[in-house]
file run34.csv (CSV, C-alpha atoms)
chain,number,residue,atom,x,y,z
A,3,MET,CA,0.0,0.0,0.0
A,4,ALA,CA,1.2,3.5,-0.9
A,5,GLU,CA,0.6,6.6,1.1
A,6,TYR,CA,-1.1,9.7,-0.4
A,7,LEU,CA,-1.7,13.1,1.1
A,8,LEU,CA,-5.1,14.6,0.0
A,9,LEU,CA,-4.9,18.3,0.3
A,10,VAL,CA,-8.4,19.9,0.6
A,11,TYR,CA,-8.6,23.4,-1.0
A,12,GLU,CA,-11.5,25.6,-0.2
A,13,SER,CA,-12.5,29.3,-0.6
A,14,GLU,CA,-12.1,30.8,2.9
A,15,ASP,CA,-14.6,33.5,2.0
A,16,ALA,CA,-17.3,30.9,1.3
A,17,THR,CA,-16.6,28.7,4.3
A,18,SER,CA,-16.3,31.7,6.7
A,19,GLU,CA,-19.8,32.8,5.7
A,20,LEU,CA,-21.4,29.5,6.7
A,21,GLU,CA,-24.1,29.7,9.4
A,22,PRO,CA,-23.3,27.4,12.4
A,23,ALA,CA,-25.9,24.9,11.3
A,24,GLU,CA,-24.4,24.8,7.8
A,25,ASP,CA,-20.9,24.4,9.2
A,26,ALA,CA,-22.0,21.5,11.5
A,27,ALA,CA,-23.7,19.8,8.5
A,28,LEU,CA,-20.5,20.1,6.5
A,29,VAL,CA,-18.5,18.6,9.4
A,30,ARG,CA,-20.9,15.7,9.5
A,31,ARG,CA,-20.4,15.1,5.8
A,32,PHE,CA,-16.6,14.9,6.4
A,33,GLN,CA,-17.1,12.6,9.3
A,34,ASP,CA,-19.3,10.4,7.1
A,35,PHE,CA,-16.6,10.4,4.4
A,36,MET,CA,-14.0,9.3,7.0
A,37,ARG,CA,-16.3,6.5,8.3
A,38,CYS,CA,-17.1,5.2,4.7
A,39,ASN,CA,-13.3,5.2,3.9
A,40,GLU,CA,-11.9,4.0,7.2
A,41,GLY,CA,-10.0,1.3,5.4
A,42,ASN,CA,-8.0,4.0,3.6
A,43,VAL,CA,-8.0,7.1,5.8
A,44,ARG,CA,-5.2,7.1,8.4
A,45,ARG,CA,-5.7,10.7,9.6
A,46,GLY,CA,-7.5,13.9,8.6
A,47,GLN,CA,-7.9,17.4,10.1
A,48,ARG,CA,-9.4,20.7,9.3
A,49,LEU,CA,-6.9,23.6,9.5
A,50,HIS,CA,-7.3,27.0,11.2
A,51,PRO,CA,-7.8,30.0,8.7
A,52,THR,CA,-4.8,31.3,6.9
A,53,SER,CA,-4.9,34.4,9.1
A,54,THR,CA,-3.3,32.2,11.8
A,55,ALA,CA,-0.5,31.0,9.5
A,56,THR,CA,3.2,31.8,10.0
A,57,SER,CA,5.7,31.3,7.1
A,58,VAL,CA,9.3,30.3,7.4
A,59,ARG,CA,11.6,31.1,4.5
A,60,ARG,CA,15.3,30.8,3.8
A,61,ASP,CA,16.9,33.8,2.2
A,62,VAL,CA,19.8,33.7,-0.3
A,63,ASP,CA,22.4,34.1,2.5
A,64,GLY,CA,21.1,31.0,4.3
A,65,GLY,CA,19.3,33.0,7.0
A,66,VAL,CA,15.7,32.5,8.0
A,67,ARG,CA,12.9,34.9,7.7
A,68,ILE,CA,9.7,34.4,9.7
A,69,SER,CA,6.5,36.3,8.7
A,70,ASP,CA,2.8,36.2,9.5
A,71,GLY,CA,0.6,34.8,6.8
A,72,VAL,CA,0.7,32.2,4.1
A,73,PHE,CA,3.3,31.9,1.3
A,74,VAL,CA,1.0,33.1,-1.5
A,75,GLU,CA,-2.3,34.9,-1.6
A,76,SER,CA,-4.9,32.9,-3.5
A,77,LYS,CA,-8.7,32.4,-3.8
A,78,GLU,CA,-8.5,28.8,-2.6
A,79,VAL,CA,-6.3,27.8,0.3
A,80,VAL,CA,-5.4,24.5,2.0
A,81,ALA,CA,-8.2,24.1,4.5
A,82,GLY,CA,-7.4,20.5,5.6
A,83,TYR,CA,-5.9,17.2,4.7
A,84,PHE,CA,-6.3,13.5,4.8
A,85,LEU,CA,-3.4,11.0,5.0
A,86,ILE,CA,-4.6,7.8,3.2
A,87,GLU,CA,-3.2,4.4,2.1
A,88,ALA,CA,-4.2,3.1,-1.3
A,89,GLU,CA,-3.1,0.4,-3.6
A,90,ASP,CA,-2.4,2.9,-6.4
A,91,LEU,CA,-3.2,6.3,-7.7
A,92,ASP,CA,-6.6,5.2,-9.2
A,93,GLU,CA,-7.7,4.1,-5.7
A,94,ALA,CA,-6.4,7.3,-4.2
A,95,LEU,CA,-8.4,9.3,-6.8
A,96,ALA,CA,-11.5,7.3,-6.0
A,97,VAL,CA,-11.2,8.2,-2.3
A,98,ALA,CA,-10.5,11.9,-3.2
A,99,GLN,CA,-13.6,12.1,-5.3
A,100,GLN,CA,-15.7,11.4,-2.3
A,101,ILE,CA,-14.4,14.3,-0.2
A,102,PRO,CA,-17.3,16.7,0.3
A,103,VAL,CA,-15.7,19.9,-0.7
A,104,PRO,CA,-18.5,22.3,-1.6
A,105,ASP,CA,-16.4,25.2,-2.9
A,106,GLY,CA,-12.9,24.0,-3.9
A,107,GLY,CA,-11.1,20.8,-4.8
A,108,VAL,CA,-8.6,18.2,-3.7
A,109,GLU,CA,-5.0,17.7,-4.6
A,110,VAL,CA,-3.7,14.1,-4.5
A,111,ARG,CA,0.0,13.8,-3.8
A,112,PRO,CA,1.9,10.5,-3.4
A,113,ILE,CA,4.2,10.5,-0.4
A,114,ARG,CA,7.8,9.7,-1.2
A,115,SER,CA,9.3,7.0,1.0
A,116,VAL,CA,12.7,8.1,2.4
A,117,PRO,CA,14.8,5.2,3.7
A,118,GLY,CA,15.8,5.5,7.3
A,119,VAL,CA,13.2,8.1,8.1

call {"tool": "encode", "arguments": {"input": "run34.csv", "output": "structure tokens"}}
result
Amino acid sequence: MAEYLLLVYESEDATSELEPAEDAALVRRFQDFMRCNEGNVRRGQRLHPTSTATSVRRDVDGGVRISDGVFVESKEVVAGYFLIEAEDLDEALAVAQQIPVPDGGVEVRPIRSVPGV
């Protein structure tokens, strides 16, 4: 079994405007997704808004620069993730298609195995 990271992208504007009942219903849909795919899903979490992000960058001199915010401004941001195991990319894509993202999408990335780590 290979591991894949499913990055969930959403529009923060759209999700921040959800009423509490709508947000709770969306959370239930994600919980249902996790239950239906418990054979594949190893972990999944929702992230705090990008306003809470801190970025760490290296400069050309090898120093480190820390700044508030995300690396890039965009309409859709990483809102959460799932770590899954799947036989192959086709199975990972089949799982990703079930993620209930109302306003965004899912990026499927295979995880590279590093010996000794």

call {"tool": "atom_distance", "arguments": {"input": "run34.csv", "atom1": "atom CA of Pro102 of chain A", "atom2": "atom CA of Leu28 of chain A"}}
result
7.8 Å

call {"tool": "closest_residue", "arguments": {"input": "run34.csv", "among": "A:Asp15, A:Val29, A:Ile86, A:Ile68", "to": "Gly46 of chain A", "atoms": "all atoms listed in the file"}}
result
A:Ile86

call {"tool": "closest_residue", "arguments": {"input": "run34.csv", "among": "A:Val110, A:Val79, A:Leu85, A:Val119", "to": "Glu5 of chain A", "atoms": "all atoms listed in the file"}}
result
A:Leu85

call {"tool": "atom_distance", "arguments": {"input": "run34.csv", "atom1": "atom CA of Val116 of chain A", "atom2": "atom CA of Gln100 of chain A"}}
result
29.0 Å

call {"tool": "residues_around", "arguments": {"input": "run34.csv", "residues": "Arg111 of chain A", "least_positions_apart": "3", "cutoff": "7 Å", "atoms": "all atoms listed in the file", "output": "PDB file with C-alpha atoms, keeping the file's coordinate frame"}}
result
ATOM      1  CA  TYR A   6      -1.100   9.700  -0.400  1.00  0.00           C
ATOM      2  CA  LEU A   7      -1.700  13.100   1.100  1.00  0.00           C
ATOM      3  CA  LEU A   8      -5.100  14.600   0.000  1.00  0.00           C
TER       4      LEU A   8
END

call {"tool": "closest_residue", "arguments": {"input": "run34.csv", "among": "A:Glu89, A:Asp105, A:Asp34, A:Asp61", "to": "Leu20 of chain A", "atoms": "all atoms listed in the file"}}
result
A:Asp105

call {"tool": "residues_around", "arguments": {"input": "run34.csv", "residues": "Val80 of chain A", "least_positions_apart": "3", "cutoff": "10 Å", "atoms": "only C-alpha atoms", "output": "JSON, numbers by chain"}}
result
{"A": [9, 10, 11, 12, 13, 14, 48, 49, 50, 51, 52, 83, 106, 107, 108, 109]}

call {"tool": "atom_distance", "arguments": {"input": "run34.csv", "atom1": "atom CA of Ala4 of chain A", "atom2": "atom CA of Asn42 of chain A"}}
result
10.3 Å

call {"tool": "residues_around", "arguments": {"input": "run34.csv", "residues": "Ser53 of chain A", "least_positions_apart": "4", "cutoff": "8 Å", "atoms": "all atoms listed in the file", "output": "MDAnalysis selection string"}}
result
chainID A and resid 70:72

call {"tool": "write_last_selection", "arguments": {"input": "run34.csv", "atoms": "C-alpha atoms", "output": "PDB file, keeping the file's coordinate frame"}}
result
ATOM      1  CA  ASP A  70       2.800  36.200   9.500  1.00  0.00           C
ATOM      2  CA  GLY A  71       0.600  34.800   6.800  1.00  0.00           C
ATOM      3  CA  VAL A  72       0.700  32.200   4.100  1.00  0.00           C
TER       4      VAL A  72
END

call {"tool": "closest_residue", "arguments": {"input": "run34.csv", "among": "A:Pro104, A:Glu93, A:Arg114, A:Phe84", "to": "Arg31 of chain A", "atoms": "only C-alpha atoms"}}
result
A:Pro104

call {"tool": "closest_residue", "arguments": {"input": "run34.csv", "among": "A:Ser18, A:Asn39, A:Ser69, A:Gln47", "to": "Ala96 of chain A", "atoms": "only C-alpha atoms"}}
result
A:Asn39

call {"tool": "decode", "arguments": {"input": "run34.csv", "residues": "segment 8-44 of chain A", "atoms": "C-alpha atoms", "output": "PDB file, in the first residue's frame"}}
result
ATOM      1  CA  LEU A   8      -5.056  14.568  -0.018  1.00  0.00           C
ATOM      2  CA  LEU A   9      -4.906  18.346   0.329  1.00  0.00           C
ATOM      3  CA  VAL A  10      -8.354  19.900   0.596  1.00  0.00           C
ATOM      4  CA  TYR A  11      -8.624  23.350  -0.991  1.00  0.00           C
ATOM      5  CA  GLU A  12     -11.538  25.636  -0.195  1.00  0.00           C
ATOM      6  CA  SER A  13     -12.512  29.255  -0.564  1.00  0.00           C
ATOM      7  CA  GLU A  14     -12.082  30.777   2.893  1.00  0.00           C
ATOM      8  CA  ASP A  15     -14.565  33.483   1.973  1.00  0.00           C
ATOM      9  CA  ALA A  16     -17.264  30.890   1.264  1.00  0.00           C
ATOM     10  CA  THR A  17     -16.603  28.728   4.325  1.00  0.00           C
ATOM     11  CA  SER A  18     -16.306  31.705   6.689  1.00  0.00           C
ATOM     12  CA  GLU A  19     -19.812  32.802   5.681  1.00  0.00           C
ATOM     13  CA  LEU A  20     -21.431  29.497   6.671  1.00  0.00           C
ATOM     14  CA  GLU A  21     -24.058  29.662   9.389  1.00  0.00           C
ATOM     15  CA  PRO A  22     -23.278  27.446  12.423  1.00  0.00           C
ATOM     16  CA  ALA A  23     -25.868  24.854  11.338  1.00  0.00           C
ATOM     17  CA  GLU A  24     -24.402  24.757   7.801  1.00  0.00           C
ATOM     18  CA  ASP A  25     -20.893  24.352   9.192  1.00  0.00           C
ATOM     19  CA  ALA A  26     -22.033  21.541  11.494  1.00  0.00           C
ATOM     20  CA  ALA A  27     -23.710  19.801   8.533  1.00  0.00           C
ATOM     21  CA  LEU A  28     -20.475  20.074   6.528  1.00  0.00           C
ATOM     22  CA  VAL A  29     -18.483  18.624   9.438  1.00  0.00           C
ATOM     23  CA  ARG A  30     -20.928  15.686   9.547  1.00  0.00           C
ATOM     24  CA  ARG A  31     -20.404  15.110   5.805  1.00  0.00           C
ATOM     25  CA  PHE A  32     -16.635  14.944   6.392  1.00  0.00           C
ATOM     26  CA  GLN A  33     -17.148  12.553   9.321  1.00  0.00           C
ATOM     27  CA  ASP A  34     -19.335  10.375   7.090  1.00  0.00           C
ATOM     28  CA  PHE A  35     -16.599  10.415   4.429  1.00  0.00           C
ATOM     29  CA  MET A  36     -14.048   9.261   7.013  1.00  0.00           C
ATOM     30  CA  ARG A  37     -16.326   6.457   8.254  1.00  0.00           C
ATOM     31  CA  CYS A  38     -17.055   5.248   4.706  1.00  0.00           C
ATOM     32  CA  ASN A  39     -13.331   5.218   3.920  1.00  0.00           C
ATOM     33  CA  GLU A  40     -11.915   4.012   7.241  1.00  0.00           C
ATOM     34  CA  GLY A  41      -9.971   1.299   5.399  1.00  0.00           C
ATOM     35  CA  ASN A  42      -7.973   3.987   3.575  1.00  0.00           C
ATOM     36  CA  VAL A  43      -7.999   7.089   5.793  1.00  0.00           C
ATOM     37  CA  ARG A  44      -5.237   7.150   8.396  1.00  0.00           C
TER      38      ARG A  44
END
